file entry-v8.txt (compact mmCIF, C-alpha atoms)
# COMPACT_ATOMS: atom_id res chain seq x y z
CA MET A 1 15.26 -19.69 12.49
CA LYS A 2 15.32 -21.58 9.23
CA PRO A 3 16.61 -19.63 6.18
CA LEU A 4 13.93 -17.46 4.58
CA ALA A 5 13.06 -17.31 0.90
CA GLY A 6 12.69 -13.80 -0.49
CA TYR A 7 10.32 -12.48 -3.15
CA ARG A 8 10.98 -12.42 -6.87
CA PRO A 9 12.17 -9.25 -8.53
CA PRO A 10 9.75 -7.81 -11.11
CA TYR A 11 10.08 -8.67 -14.79
CA PRO A 12 11.86 -5.78 -16.55
CA GLY A 13 9.53 -2.98 -17.56
CA THR A 14 6.49 -4.30 -15.72
CA GLN A 15 6.61 -1.92 -12.73
CA PRO A 16 6.80 1.89 -12.83
CA ASN A 17 9.75 3.98 -11.76
CA HIS A 18 9.09 6.44 -8.98
CA PHE A 19 9.97 9.37 -11.25
CA HIS A 20 7.80 9.33 -14.36
CA PRO A 21 8.05 12.75 -16.07
CA PRO A 22 4.67 12.61 -17.89
CA TYR A 23 3.02 12.24 -14.46
CA VAL A 24 3.75 15.76 -13.27
CA SER A 25 3.23 15.27 -9.53
CA SER A 26 5.97 12.63 -9.44
CA ALA A 27 8.55 15.41 -10.02
CA LYS A 28 8.54 16.76 -6.46
CA ARG A 29 7.63 13.52 -4.72
CA ALA A 30 9.78 10.77 -6.22
CA PRO A 31 13.07 10.15 -4.41
CA THR A 32 16.14 11.52 -6.19
CA ARG A 33 18.78 9.36 -4.54
CA PRO A 34 19.20 5.68 -5.41
CA LEU A 35 17.18 3.28 -3.29
CA VAL A 36 19.32 1.23 -0.91
CA GLN A 37 19.21 -2.46 -1.67
CA ILE A 38 18.62 -4.69 1.34
CA PRO A 39 18.15 -8.43 1.79
CA TYR A 40 14.78 -9.80 2.81
CA THR A 41 14.51 -10.24 6.54
CA LEU A 42 11.78 -11.52 8.80
CA SER A 43 10.41 -7.95 8.86
CA GLU A 44 9.54 -7.97 5.14
CA ILE A 45 8.60 -11.66 4.86
CA THR A 46 5.92 -11.21 7.49
CA GLY A 47 3.00 -8.80 7.20
CA PRO A 48 -0.39 -7.90 8.56
CA SER A 49 -3.43 -10.11 8.27
CA PHE A 50 -7.00 -9.17 8.94
CA ASP A 51 -9.82 -11.09 10.50
CA PRO A 52 -12.43 -11.64 7.76
CA LYS A 53 -15.01 -10.88 10.45
CA SER A 54 -13.71 -7.29 10.59
CA VAL A 55 -15.08 -6.81 7.07
CA SER A 56 -18.83 -6.41 6.88
CA PRO A 57 -20.40 -9.07 4.65
CA ALA A 58 -22.28 -6.20 2.95
CA ALA A 59 -19.11 -4.24 2.18
CA TYR A 60 -18.72 -5.90 -1.23
CA ASP A 61 -21.89 -4.19 -2.55
CA LEU A 62 -21.35 -0.47 -3.15
CA THR A 63 -24.90 -0.10 -4.50
CA ARG A 64 -26.52 -0.92 -1.15
CA GLN A 65 -24.79 1.37 1.30
CA HIS A 66 -27.57 3.96 1.40
CA GLN A 67 -31.36 4.18 1.45
CA GLY A 68 -31.67 4.56 -2.29
CA GLU A 69 -29.83 3.16 -5.26
CA PRO A 70 -26.93 5.08 -6.77
CA VAL A 71 -27.25 6.59 -10.23
CA GLY A 72 -25.31 4.87 -12.98
CA GLU A 73 -24.72 1.57 -14.66
CA ARG A 74 -24.59 -1.31 -12.20
CA ILE A 75 -21.60 -3.63 -12.72
CA VAL A 76 -20.09 -6.72 -11.12
CA VAL A 77 -16.31 -6.60 -10.72
CA SER A 78 -14.77 -9.91 -9.77
CA GLY A 79 -11.65 -11.94 -10.22
CA ARG A 80 -8.97 -13.99 -8.60
CA VAL A 81 -5.91 -12.97 -6.66
CA LEU A 82 -2.95 -15.21 -7.47
CA ASP A 83 0.76 -15.00 -6.81
CA GLU A 84 3.46 -15.23 -9.47
CA ASN A 85 3.73 -18.94 -8.78
CA SER A 86 0.03 -19.32 -9.75
CA HIS A 87 -1.05 -20.08 -6.19
CA PRO A 88 -4.32 -18.46 -5.11
CA VAL A 89 -3.92 -15.77 -2.44
CA THR A 90 -6.61 -16.77 -0.01
CA ASN A 91 -8.22 -14.88 2.84
CA THR A 92 -6.61 -11.58 1.91
CA LEU A 93 -8.17 -8.15 2.23
CA VAL A 94 -9.17 -6.26 -0.94
CA GLU A 95 -10.12 -2.58 -0.59
CA ILE A 96 -11.55 -0.51 -3.44
CA TRP A 97 -12.51 3.12 -3.97
CA GLN A 98 -13.78 5.02 -6.97
CA ALA A 99 -15.59 8.04 -8.40
CA ASN A 100 -19.34 8.00 -8.87
CA ALA A 101 -21.07 7.69 -12.25
CA ALA A 102 -20.55 11.42 -12.87
CA GLY A 103 -16.81 11.20 -12.25
CA ARG A 104 -16.83 12.75 -8.78
CA TYR A 105 -15.27 11.36 -5.61
CA ARG A 106 -16.92 11.85 -2.24
CA HIS A 107 -13.82 13.64 -0.96
CA GLU A 108 -13.49 17.28 0.13
CA VAL A 109 -10.51 17.90 -2.16
CA ASP A 110 -12.40 16.85 -5.30
CA ARG A 111 -13.75 20.12 -6.74
CA HIS A 112 -14.81 18.70 -10.12
CA ASP A 113 -18.03 20.38 -11.20
CA ALA A 114 -20.08 17.20 -11.32
CA PRO A 115 -22.78 16.09 -8.89
CA LEU A 116 -22.22 13.99 -5.81
CA ASP A 117 -24.59 11.08 -5.44
CA PRO A 118 -26.23 10.87 -2.00
CA ASN A 119 -26.59 7.14 -2.53
CA PHE A 120 -22.98 6.39 -3.39
CA SER A 121 -19.92 6.52 -1.15
CA GLY A 122 -17.57 4.77 -3.56
CA CYS A 123 -15.69 2.44 -1.24
CA GLY A 124 -15.88 -1.27 -0.51
CA GLN A 125 -14.01 -4.18 0.99
CA ALA A 126 -13.92 -7.92 0.48
CA VAL A 127 -11.82 -10.86 1.59
CA THR A 128 -10.72 -13.49 -0.94
CA ASP A 129 -12.12 -16.99 -0.56
CA GLY A 130 -10.31 -20.33 -0.49
CA GLU A 131 -9.57 -20.05 -4.22
CA GLY A 132 -8.45 -16.43 -4.12
CA ARG A 133 -11.72 -15.10 -5.54
CA TYR A 134 -13.30 -11.74 -4.71
CA ARG A 135 -16.45 -10.04 -5.99
CA PHE A 136 -17.82 -6.50 -5.82
CA VAL A 137 -21.09 -4.99 -7.02
CA THR A 138 -20.76 -1.32 -7.88
CA ILE A 139 -21.56 1.23 -10.56
CA ARG A 140 -19.34 2.09 -13.48
CA PRO A 141 -17.23 5.11 -12.47
CA GLY A 142 -17.18 8.19 -14.69
CA GLU A 143 -14.14 9.73 -16.33
CA TYR A 144 -13.01 13.06 -14.89
CA PRO A 145 -10.68 15.95 -15.72
CA TRP A 146 -7.47 16.62 -13.80
CA GLY A 147 -4.71 19.18 -13.89
CA ASN A 148 -1.78 17.12 -15.16
CA HIS A 149 -1.68 18.76 -18.60
CA TYR A 150 -3.98 20.69 -20.94
CA ASN A 151 -7.39 18.95 -21.23
CA ALA A 152 -6.23 15.95 -19.22
CA TRP A 153 -8.92 13.37 -18.34
CA ARG A 154 -8.49 10.22 -16.32
CA PRO A 155 -9.94 7.10 -17.94
CA ALA A 156 -12.61 5.38 -15.87
CA HIS A 157 -10.93 3.37 -13.13
CA ILE A 158 -11.36 1.68 -9.78
CA HIS A 159 -8.58 1.81 -7.18
CA PHE A 160 -7.57 -1.52 -5.63
CA SER A 161 -5.51 -2.09 -2.47
CA LEU A 162 -4.26 -5.56 -1.49
CA PHE A 163 -2.02 -6.95 1.21
CA GLY A 164 -1.13 -10.54 0.39
CA PRO A 165 0.82 -12.63 2.90
CA ALA A 166 3.76 -10.29 3.57
CA PHE A 167 4.92 -6.69 3.84
CA ALA A 168 6.70 -7.43 0.55
CA THR A 169 3.47 -8.28 -1.30
CA ARG A 170 1.52 -5.08 -0.57
CA LEU A 171 0.03 -3.70 -3.80
CA VAL A 172 -2.04 -0.67 -4.73
CA THR A 173 -3.21 -0.56 -8.33
CA GLN A 174 -6.01 0.63 -10.59
CA MET A 175 -8.44 -1.31 -12.76
CA PHE A 176 -9.50 0.13 -16.11
CA PHE A 177 -12.28 -0.69 -18.59
CA PRO A 178 -11.91 -2.22 -22.03
CA GLY A 179 -12.24 0.13 -24.97
CA ASP A 180 -11.79 3.33 -22.97
CA PRO A 181 -10.68 5.98 -25.50
CA LEU A 182 -8.71 7.85 -22.83
CA LEU A 183 -6.30 5.02 -22.07
CA PRO A 184 -3.63 5.96 -24.66
CA PHE A 185 -3.40 9.46 -23.16
CA ASP A 186 -3.23 8.64 -19.46
CA PRO A 187 0.28 9.01 -17.96
CA ILE A 188 -0.64 6.88 -14.95
CA PHE A 189 -1.91 3.93 -16.99
CA ASN A 190 1.06 4.32 -19.34
CA CYS A 191 3.69 4.26 -16.59
CA THR A 192 5.33 1.00 -17.62
CA ALA A 193 7.59 0.27 -20.58
CA ASP A 194 5.95 -3.12 -21.03
CA GLU A 195 2.72 -2.84 -22.99
CA LYS A 196 1.45 -6.27 -21.93
CA ALA A 197 1.89 -5.33 -18.28
CA ARG A 198 -0.19 -2.19 -18.65
CA ASN A 199 -2.85 -4.00 -20.64
CA ARG A 200 -3.29 -6.41 -17.74
CA LEU A 201 -4.68 -3.44 -15.80
CA ILE A 202 -7.66 -3.44 -18.17
CA SER A 203 -10.53 -5.59 -16.97
CA ILE A 204 -12.20 -8.06 -19.32
CA PHE A 205 -15.89 -7.96 -20.13
CA ASP A 206 -17.23 -11.27 -18.87
CA TRP A 207 -20.51 -12.96 -19.78
CA ASP A 208 -20.02 -15.56 -17.03
CA THR A 209 -20.35 -13.00 -14.27
CA THR A 210 -22.89 -10.80 -16.06
CA VAL A 211 -26.18 -11.00 -14.18
CA PRO A 212 -29.19 -11.13 -16.53
CA MET A 213 -31.36 -8.01 -16.29
CA GLN A 214 -29.07 -6.69 -13.55
CA ALA A 215 -25.43 -5.92 -14.21
CA LEU A 216 -22.58 -6.35 -16.70
CA GLY A 217 -19.65 -8.37 -15.43
CA TYR A 218 -16.00 -7.33 -15.61
CA ARG A 219 -13.21 -9.68 -14.61
CA PHE A 220 -10.00 -8.35 -13.11
CA ASP A 221 -7.42 -10.88 -11.97
CA ILE A 222 -4.61 -9.59 -9.79
CA VAL A 223 -1.15 -11.11 -9.36
CA LEU A 224 0.87 -10.45 -6.23
CA ARG A 225 4.58 -11.09 -6.02
CA GLY A 226 5.65 -14.70 -5.65
CA ARG A 227 8.15 -16.25 -3.34
CA ASP A 228 11.60 -17.13 -4.58
CA ALA A 229 12.20 -20.86 -4.61
CA THR A 230 15.65 -20.74 -3.05
CA PRO A 231 16.35 -19.57 0.48
CA MET A 232 18.53 -16.51 0.72
CA GLU A 233 22.27 -16.98 1.05
CA GLU A 234 22.78 -13.56 2.55
CA MET B 1 6.06 -19.57 -17.63
CA SER B 2 5.11 -17.98 -14.34
CA LEU B 3 2.71 -15.10 -13.91
CA GLN B 4 3.92 -11.51 -13.64
CA ALA B 5 2.94 -9.29 -10.74
CA THR B 6 0.29 -6.68 -11.46
CA THR B 7 1.66 -3.20 -12.15
CA SER B 8 1.52 -0.79 -9.23
CA GLN B 9 -0.46 2.44 -9.63
CA THR B 10 -0.69 5.54 -7.49
CA VAL B 11 -3.21 5.83 -4.64
CA GLY B 12 -4.10 9.24 -6.11
CA PRO B 13 -5.49 12.17 -4.14
CA TYR B 14 -8.72 10.56 -2.95
CA PHE B 15 -7.55 7.37 -1.21
CA LYS B 16 -9.01 8.53 2.07
CA ILE B 17 -12.50 7.43 1.08
CA GLY B 18 -11.34 3.87 0.54
CA LEU B 19 -8.64 3.44 3.15
CA GLN B 20 -9.58 5.47 6.22
CA TRP B 21 -11.91 2.79 7.59
CA LEU B 22 -8.75 0.87 8.56
CA ASN B 23 -6.81 3.81 10.01
CA GLN B 24 -5.13 2.40 13.08
CA SER B 25 -3.37 4.14 15.94
CA PRO B 26 -2.59 3.19 18.66
CA LEU B 27 -1.22 -0.11 17.39
CA ALA B 28 -1.51 -1.75 20.81
CA ALA B 29 -5.09 -2.47 21.84
CA GLY B 30 -4.33 -3.10 25.51
CA PRO B 31 -1.57 -3.58 28.03
CA GLY B 32 1.45 -5.60 26.95
CA ALA B 33 5.19 -5.87 27.02
CA GLY B 34 7.30 -3.01 25.76
CA GLU B 35 7.80 0.70 26.12
CA ARG B 36 4.93 2.83 24.79
CA VAL B 37 6.01 5.46 22.31
CA THR B 38 4.37 8.26 20.32
CA ILE B 39 5.99 8.99 16.98
CA ARG B 40 5.27 12.29 15.24
CA GLY B 41 6.61 13.78 12.07
CA ARG B 42 5.99 15.45 8.77
CA VAL B 43 6.14 14.42 5.15
CA LEU B 44 7.95 17.01 3.00
CA ASP B 45 8.21 17.21 -0.79
CA GLY B 46 11.07 18.39 -3.01
CA ASP B 47 10.28 22.05 -2.27
CA GLY B 48 10.22 21.36 1.46
CA ALA B 49 6.45 21.82 1.37
CA PRO B 50 4.30 19.64 3.62
CA VAL B 51 2.47 16.80 1.89
CA PRO B 52 -1.13 16.86 3.10
CA ASP B 53 -2.21 13.72 1.24
CA ALA B 54 0.26 11.02 2.27
CA LEU B 55 -0.49 7.74 4.01
CA LEU B 56 1.90 5.74 6.19
CA GLU B 57 1.50 2.07 6.96
CA ILE B 58 3.45 0.52 9.80
CA TRP B 59 4.38 -3.12 10.36
CA GLN B 60 6.27 -4.27 13.40
CA ALA B 61 7.03 -7.00 15.90
CA ASN B 62 5.67 -6.86 19.45
CA GLY B 63 7.61 -5.94 22.58
CA HIS B 64 9.20 -9.38 22.66
CA GLY B 65 10.42 -9.13 19.07
CA LYS B 66 7.78 -11.54 17.72
CA TYR B 67 5.75 -10.92 14.56
CA ALA B 68 2.10 -11.96 14.57
CA HIS B 69 2.64 -14.04 11.44
CA SER B 70 3.04 -17.73 10.63
CA GLU B 71 6.54 -17.21 9.15
CA ASP B 72 7.86 -16.14 12.54
CA SER B 73 8.91 -19.43 14.15
CA GLN B 74 10.76 -17.86 17.10
CA ASP B 75 9.98 -19.19 20.53
CA LYS B 76 8.70 -15.85 21.82
CA PRO B 77 5.21 -14.99 23.07
CA LEU B 78 2.51 -13.30 20.99
CA GLU B 79 0.52 -10.50 22.60
CA PRO B 80 -3.23 -10.93 22.22
CA GLY B 81 -3.89 -7.20 21.78
CA PHE B 82 -1.05 -6.53 19.38
CA ALA B 83 -1.38 -7.28 15.67
CA GLY B 84 1.51 -5.01 14.60
CA PHE B 85 -0.26 -3.06 11.85
CA GLY B 86 -0.84 0.68 11.76
CA ARG B 87 -2.19 3.08 9.14
CA VAL B 88 -2.07 6.86 9.54
CA PRO B 89 -2.66 9.71 7.08
CA THR B 90 -0.98 13.12 7.10
CA ASP B 91 -3.10 16.15 7.97
CA ASN B 92 -3.36 19.48 6.14
CA ALA B 93 0.01 20.51 7.60
CA GLY B 94 1.67 17.30 6.39
CA CYS B 95 1.87 15.97 9.96
CA PHE B 96 1.24 12.43 11.14
CA GLN B 97 1.28 10.83 14.55
CA PHE B 98 0.89 7.33 15.89
CA GLU B 99 1.22 5.53 19.17
CA THR B 100 2.73 2.11 19.49
CA ILE B 101 5.15 0.08 21.58
CA LYS B 102 8.85 -0.21 20.90
CA PRO B 103 9.35 -3.67 19.39
CA GLY B 104 11.95 -6.09 20.62
CA PRO B 105 14.91 -7.03 18.44
CA VAL B 106 14.22 -9.53 15.65
CA PRO B 107 16.47 -11.95 13.76
CA GLY B 108 18.29 -10.69 10.69
CA PRO B 109 20.43 -12.14 7.90
CA ASN B 110 22.98 -14.80 8.86
CA GLY B 111 21.72 -15.02 12.41
CA ARG B 112 22.65 -11.43 13.20
CA GLU B 113 20.09 -9.66 15.31
CA GLN B 114 18.31 -6.56 13.97
CA ALA B 115 17.89 -3.59 16.28
CA PRO B 116 14.28 -2.68 17.16
CA HIS B 117 12.62 -1.08 14.13
CA LEU B 118 9.33 -0.47 12.36
CA VAL B 119 8.97 -1.09 8.63
CA ILE B 120 7.07 1.65 6.84
CA SER B 121 5.25 1.98 3.52
CA VAL B 122 4.60 5.50 2.24
CA PHE B 123 1.81 6.13 -0.26
CA MET B 124 0.72 9.37 -1.91
CA ARG B 125 -0.44 11.04 -5.10
CA GLY B 126 2.64 11.36 -7.30
CA LEU B 127 4.06 7.99 -6.25
CA LEU B 128 3.27 5.29 -8.79
CA LYS B 129 4.49 2.74 -6.26
CA ARG B 130 5.00 2.92 -2.54
CA LEU B 131 8.20 3.92 -0.82
CA VAL B 132 9.65 1.57 1.78
CA THR B 133 11.68 2.76 4.74
CA ARG B 134 12.30 2.00 8.43
CA ILE B 135 12.13 3.76 11.77
CA TYR B 136 14.81 2.87 14.34
CA PHE B 137 14.88 4.11 17.93
CA PRO B 138 17.26 6.69 19.39
CA ASN B 139 20.15 5.48 21.53
CA ASP B 140 19.35 1.82 21.13
CA ALA B 141 22.40 -0.28 21.85
CA GLY B 142 21.66 -2.46 18.81
CA ASN B 143 21.73 0.33 16.22
CA GLY B 144 25.51 0.22 15.88
CA SER B 145 25.53 -3.42 14.79
CA ASP B 146 22.23 -3.51 12.88
CA PRO B 147 22.85 -5.38 9.59
CA ILE B 148 20.45 -3.18 7.59
CA LEU B 149 21.71 0.17 8.94
CA LYS B 150 25.22 -1.03 8.05
CA LEU B 151 24.18 -1.12 4.38
CA VAL B 152 23.38 2.60 4.47
CA ASP B 153 26.04 5.32 4.03
CA GLU B 154 26.94 6.56 7.48
CA GLU B 155 25.94 10.17 6.81
CA ARG B 156 22.44 9.10 5.76
CA ARG B 157 21.71 6.65 8.60
CA SER B 158 20.28 9.36 10.80
CA THR B 159 17.29 9.68 8.44
CA LEU B 160 16.20 6.25 9.65
CA ILE B 161 16.54 6.92 13.38
CA ALA B 162 13.84 8.82 15.25
CA ASN B 163 14.89 11.67 17.52
CA ALA B 164 13.94 11.97 21.16
CA THR B 165 12.23 15.28 21.99
CA SER B 166 11.77 17.23 25.17
CA GLY B 167 8.02 16.65 24.80
CA GLY B 168 8.48 12.93 25.41
CA HIS B 169 7.50 11.82 21.92
CA LEU B 170 9.80 10.68 19.16
CA GLU B 171 10.19 12.67 15.96
CA TRP B 172 10.79 11.14 12.55
CA ASN B 173 10.21 12.83 9.20
CA VAL B 174 9.81 11.65 5.65
CA VAL B 175 11.87 13.92 3.40
CA LEU B 176 11.17 12.95 -0.19
CA GLN B 177 14.02 14.79 -1.92
CA GLY B 178 17.17 16.78 -1.32
CA THR B 179 20.17 16.89 0.99
CA HIS B 180 18.31 15.34 3.90
CA GLU B 181 16.35 12.90 1.76
CA THR B 182 15.11 9.93 3.76
CA VAL B 183 16.73 6.61 2.90
CA PHE B 184 14.28 4.44 0.98
CA PHE B 185 14.88 0.75 0.41
CA ASP B 186 14.81 -1.32 -2.74
CA LEU B 187 12.71 -4.40 -2.09
CA GLY B 188 12.40 -5.12 -5.80
CA LEU B 189 8.96 -3.50 -6.00
call {"tool": "encode", "arguments": {"input": "entry-v8.txt", "output": "structure tokens"}}
result
Amino acid sequence: MKPLAGYRPPYPGTQPNHFHPPYVSSAKRAPTRPLVQIPYTLSEITGPSFDPKSVSPAAYDLTRQHQGEPVGERIVVSGRVLDENSHPVTNTLVEIWQANAAGRYRHEVDRHDAPLDPNFSGCGQAVTDGEGRYRFVTIRPGEYPWGNHYNAWRPAHIHFSLFGPAFATRLVTQMFFPGDPLLPFDPIFNCTADEKARNRLISIFDWDTTVPMQALGYRFDIVLRGRDATPMEE
Amino acid sequence: MSLQATTSQTVGPYFKIGLQWLNQSPLAAGPGAGERVTIRGRVLDGDGAPVPDALLEIWQANGHGKYAHSEDSQDKPLEPGFAGFGRVPTDNAGCFQFETIKPGPVPGPNGREQAPHLVISVFMRGLLKRLVTRIYFPNDAGNGSDPILKLVDEERRSTLIANATSGGHLEWNVVLQGTHETVFFDLGL
């Protein structure tokens, strides 16, 4: 086999630590012993890929999964998936899930006293196109309370899951909304030392993708890790 | 200047609604090379309590030691029914189970062969980014010379090797903290 290039380490402060004291549930779940550093091998440089045909063409539209329309403000969430070397990540699976407009997830563990919406499941999938673009139609999720600290509320957010080309590029993140007053108080959003990194989790209101008389557009570009230029020595 | 990778965030407690559509076990869709195995285990937190809301993702080579991926240039056959990806959640008792085939050995650093192994991502509420670990197979002749296991302190290596059981399945647990804490790897995430 030819030598394999690895993936770039993160810029300092742009990725969270596993243990983040303000996020209370990290205390019993984050590892306590140092992670063991290993070189990239074929096992991490490769990764799963998914046939675009396994994703329903309708799965991008979360407002049309039931007989009626969901309650709430319709929005278009779209963007590009790039790697750190500015190359588009094409043909990669994007999975999203979210609360409904009232801030309630369709999940048996969510006991928040807010109504479920019979017309909203809150999950979707899409596959990026030849330029790394994806697009979802959904409704704006509501904020909701949680038990992290006294009067804790999560800012409105949509969960994103992406694979990219390798095991090394797998990413799960959350997209937030501009101007959300809860952002400064959210320990999950505020998990990085680098303010610019966390602000990149906030989507941008976008006239270009706003559909007249239909839906406001929010743009959320996602960057997956990029390949190192030099093949590994070790 | 190059771009910077998007910050990782937790999957939270409700990922099931978005991710269960792709739950996958068994990993092998049909007959193929390699020994079929069932791997069972539990995910335990720092109090030793079961974690009922964890998700494991599995990536592995096929029975010949070939990854279904363009970066794998080895002259080994692909198996039509074997993509190598699995996704399994834990249940209310913190237990998970999946069926797959034991992969063949794959190349490692400096031309040294790696013993058969699965690479694993672990996601859950409380983890702002995934944990990465591996499952090796009991009594495999390659374990002793595996270049990745060699990087792990000897007394902790056993956390990466599944145990054979009298029931015929393999057992492998994810222990998040403490004396028997599972070895997790730093991939620069």
call {"tool": "interface_residues", "arguments": {"input": "entry-v8.txt", "of": "chain B", "to": "chain A", "cutoff": "8 Å", "atoms": "only C-alpha atoms", "output": "JSON, numbers by chain"}}
result
{"B": [2, 3, 4, 5, 6, 7, 8, 9, 10, 11, 13, 14, 15, 16, 17, 18, 19, 45, 46, 47, 59, 60, 61, 67, 68, 69, 70, 71, 72, 73, 74, 83, 84, 85, 106, 107, 108, 109, 110, 111, 119, 125, 126, 127, 128, 129, 148, 151, 152, 176, 177, 178, 181, 183, 184, 185, 186, 187, 188, 189]}
call {"tool": "atom_distance", "arguments": {"input": "entry-v8.txt", "atom1": "CA of Ala152 in chain A", "atom2": "CA of Ala102 in chain A"}}
result
16.3 Å
call {"tool": "residues_around", "arguments": {"input": "entry-v8.txt", "residues": "range 168-175 of chain B", "least_positions_apart": "5", "cutoff": "7 Å", "atoms": "all atoms listed in the file", "output": "ChimeraX atom specification"}}
result
/B:37-45,162-163,180-182
call {"tool": "write_last_selection", "arguments": {"input": "entry-v8.txt", "atoms": "C-alpha atoms", "output": "mmCIF file, keeping the file's coordinate frame"}}
result
data_model
loop_
_atom_site.group_PDB
_atom_site.id
_atom_site.type_symbol
_atom_site.label_atom_id
_atom_site.label_comp_id
_atom_site.auth_asym_id
_atom_site.auth_seq_id
_atom_site.Cartn_x
_atom_site.Cartn_y
_atom_site.Cartn_z
ATOM 1 C CA VAL B 37 6.010 5.460 22.310
ATOM 2 C CA THR B 38 4.370 8.260 20.320
ATOM 3 C CA ILE B 39 5.990 8.990 16.980
ATOM 4 C CA ARG B 40 5.270 12.290 15.240
ATOM 5 C CA GLY B 41 6.610 13.780 12.070
ATOM 6 C CA ARG B 42 5.990 15.450 8.770
ATOM 7 C CA VAL B 43 6.140 14.420 5.150
ATOM 8 C CA LEU B 44 7.950 17.010 3.000
ATOM 9 C CA ASP B 45 8.210 17.210 -0.790
ATOM 10 C CA ALA B 162 13.840 8.820 15.250
ATOM 11 C CA ASN B 163 14.890 11.670 17.520
ATOM 12 C CA HIS B 180 18.310 15.340 3.900
ATOM 13 C CA GLU B 181 16.350 12.900 1.760
ATOM 14 C CA THR B 182 15.110 9.930 3.760
#
call {"tool": "axis_aligned_box", "arguments": {"input": "entry-v8.txt", "around": "range 111-114 of chain B", "padding_each_side": "4 Å", "output": "AutoDock Vina command-line options"}}
result
--center_x 20.5 --center_y -10.8 --center_z 13.9 --size_x 12.3 --size_y 16.5 --size_z 10.9
call {"tool": "residues_near_point", "arguments": {"input": "entry-v8.txt", "point": "(-18.5, -6.5, -2.0)", "cutoff": "8 Å", "atoms": "all atoms listed in the file", "output": "PDB file with C-alpha atoms, in the coordinates of the input"}}
result
ATOM      1  CA  PRO A  57     -20.400  -9.070   4.650  1.00  0.00           C
ATOM      2  CA  ALA A  58     -22.280  -6.200   2.950  1.00  0.00           C
ATOM      3  CA  ALA A  59     -19.110  -4.240   2.180  1.00  0.00           C
ATOM      4  CA  TYR A  60     -18.720  -5.900  -1.230  1.00  0.00           C
ATOM      5  CA  ASP A  61     -21.890  -4.190  -2.550  1.00  0.00           C
ATOM      6  CA  LEU A  62     -21.350  -0.470  -3.150  1.00  0.00           C
ATOM      7  CA  GLY A 124     -15.880  -1.270  -0.510  1.00  0.00           C
ATOM      8  CA  GLN A 125     -14.010  -4.180   0.990  1.00  0.00           C
ATOM      9  CA  ALA A 126     -13.920  -7.920   0.480  1.00  0.00           C
ATOM     10  CA  TYR A 134     -13.300 -11.740  -4.710  1.00  0.00           C
ATOM     11  CA  ARG A 135     -16.450 -10.040  -5.990  1.00  0.00           C
ATOM     12  CA  PHE A 136     -17.820  -6.500  -5.820  1.00  0.00           C
ATOM     13  CA  VAL A 137     -21.090  -4.990  -7.020  1.00  0.00           C
TER      14      VAL A 137
END
call {"tool": "atom_distance", "arguments": {"input": "entry-v8.txt", "atom1": "CA of Gly94 in chain B", "atom2": "CA of Tyr144 in chain A"}}
result
26.2 Å
